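**Student:** Below are the structure tokens for one structure; questions will follow.
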Amino acid sequence: MENGNHKQVPEDANEHCPGTESEDAGKSDACAGCPNQEACASAPKGPDPDLVAIAERMATVKHKILILSGKGGVGKSTFSAQLSFALADKDFQVGLLDIDICGPSIPKMLGLEGQEIHQSNLGWSPVYVDSIGVMSIGFMLPDPDDAVIWRGPRKNGIIKQFLKDVYWGELDFLVVDAPPGTSDEHISIVQFLKETGIDGAIIVTTPQQVSLIDVRKEVSFCKKVGIPVLGVVENMSGLSQPLSDFKYLKPSKNGEDAQQDVTERVMAILREKAPELLEVIACSEVFDSSCGGAARMCVEMGVPFLGKVPLDPKLCKAAEEGRSCFVGDECGVSASALSAIISKLLKNNKLA
């Protein structure tokens with residue numbers, strides 16, 4: 001982690017740490033008793049020569065956006081995928097880099113399962129879909145069920161390879177989908193890209209406090225490492241779907257286990273008695289937002305709020321099938337919310 005003097009200092013370092021790149025790293029009196037002393041003493045010193053190669057690769061990328069969240073399961077990869085589809089629809093050249101090493105979801109969400117990385121004389125070639133270049137460790141696993149059981153240094157090494165060895169070509173946007181938390185992958189991507197210019201991070205959360213508690217830490221992480229927060233997205237902000245998409249059940253009586261499915265009966269009554277209700281969108285709060293949700297957190301932490309995306313089963317299905325939610329009108333509820341958020345992102349941060 002960089003401190004105010006631009007030294008690389010671990011979070012758990014002693015008070016007067018000389019920095020991991022210093023010739024005194026692991027050797028000075030200030031290092032005595034530090035849990036990192038042995039690693040720092042044996043680590044190579046001086047600037048990382050691979051950063052020059054990364055800078056050369058990134059010279060053809062106009063904008064770099066990190067998609068972060070302190071909490072897992074909030075729909076961050078879904079947002080990364082749909083953001084990439086939306087930017088490509090606007091005729092931008094887009095790359096999507098998946099650095100979730102242990103849980104790579106992007107190949108599934110882009111419909112690219114089973115694809116492989118190919119080598120050319122220019123480097124590794126991304127896998128393409130709808131003009132979006134995609135790179136993920138998911139393309140490198142012999143079996144999609146294989147677990148990636150790697151410690152930090154090996155994770156950092158593959159992230160560096162994705163940045164140094166992949167030939168992205170001319171890009172308007174490189175979207176980086178990161179795992180939840182503030183650990184090795186996050187520190188590495190910031191360290192490797194910071195000198196090339198990171199436009200900022202979009203932070204994804206759900207409305208309830210159990211998510212926001214961790215997302216606040218992600219905002220603090222961005223502030224500590226000097227990455228602008230482009231905005232926060234509140235995902236799964238209430239279940240929204242047409243009445244006609246619901247399944248209707250009648251509660252059991254007399255202790256019977258099974259509920260009776262009365263969907264056809266309810267739909268027949270609606271079609272006969274109130275057909276106009278078939279077009280009504282029903283909304284229900286799934287996660288408790290009584291404490292103000294992401295909007296209040298943004299006010300308290302001084303970061304922009306980009307908007308809310310409802311929990312839309314049609315969007316979930318599009319993600320499962322590796323499709324853009326912006327094609328057709330099937331995902332009308334969520335697609336319109338995502339479109340507004342992406343337009344606000346581009347306008348507010350002058351990215352278009």
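Labels used: A, B, ... for chains in the order of the structure tokens, numbers from 1 for residues in each chain, and numbers from 1 for ligands as shown.
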Please, which residues of segment 229-281 of chain A, numbered as in this document, come out helix (DSSP H, G or I) from DSSP, as number ranges by chain?

**Tutor:** A: 243-245, 263-273, 275-279

**Student:** Produce a table with one row for each residue of segment 142-184 of chain A that has an atom at most 9 Å from any atom of segment 66-80 of chain A, each row naming the nearest atom pair and its distance in Å at one decimal; use only C-alpha atoms; arrange rows by chain and rising residue number; format as a Markdown table.

**Tutor:**
```
| residue | atom | partner | partner_atom | distance |
| --- | --- | --- | --- | --- |
| A:Leu174 | CA | A:Leu66 | CA | 8.5 |
| A:Val175 | CA | A:Leu66 | CA | 6.1 |
| A:Val176 | CA | A:Leu66 | CA | 4.8 |
| A:Asp177 | CA | A:Ile67 | CA | 5.1 |
| A:Ala178 | CA | A:Leu68 | CA | 5.7 |
| A:Pro179 | CA | A:Leu68 | CA | 7.1 |
| A:Pro180 | CA | A:Gly70 | CA | 5.0 |
| A:Gly181 | CA | A:Gly70 | CA | 4.4 |
| A:Thr182 | CA | A:Gly70 | CA | 6.9 |
```

**Student:** Would you please work out which residue, of A:Ala25, A:Cys298, A:Ile341, A:Ile202, is nearest to Glu38 of chain A when using only C-alpha atoms?

**Tutor:** A:Ala25
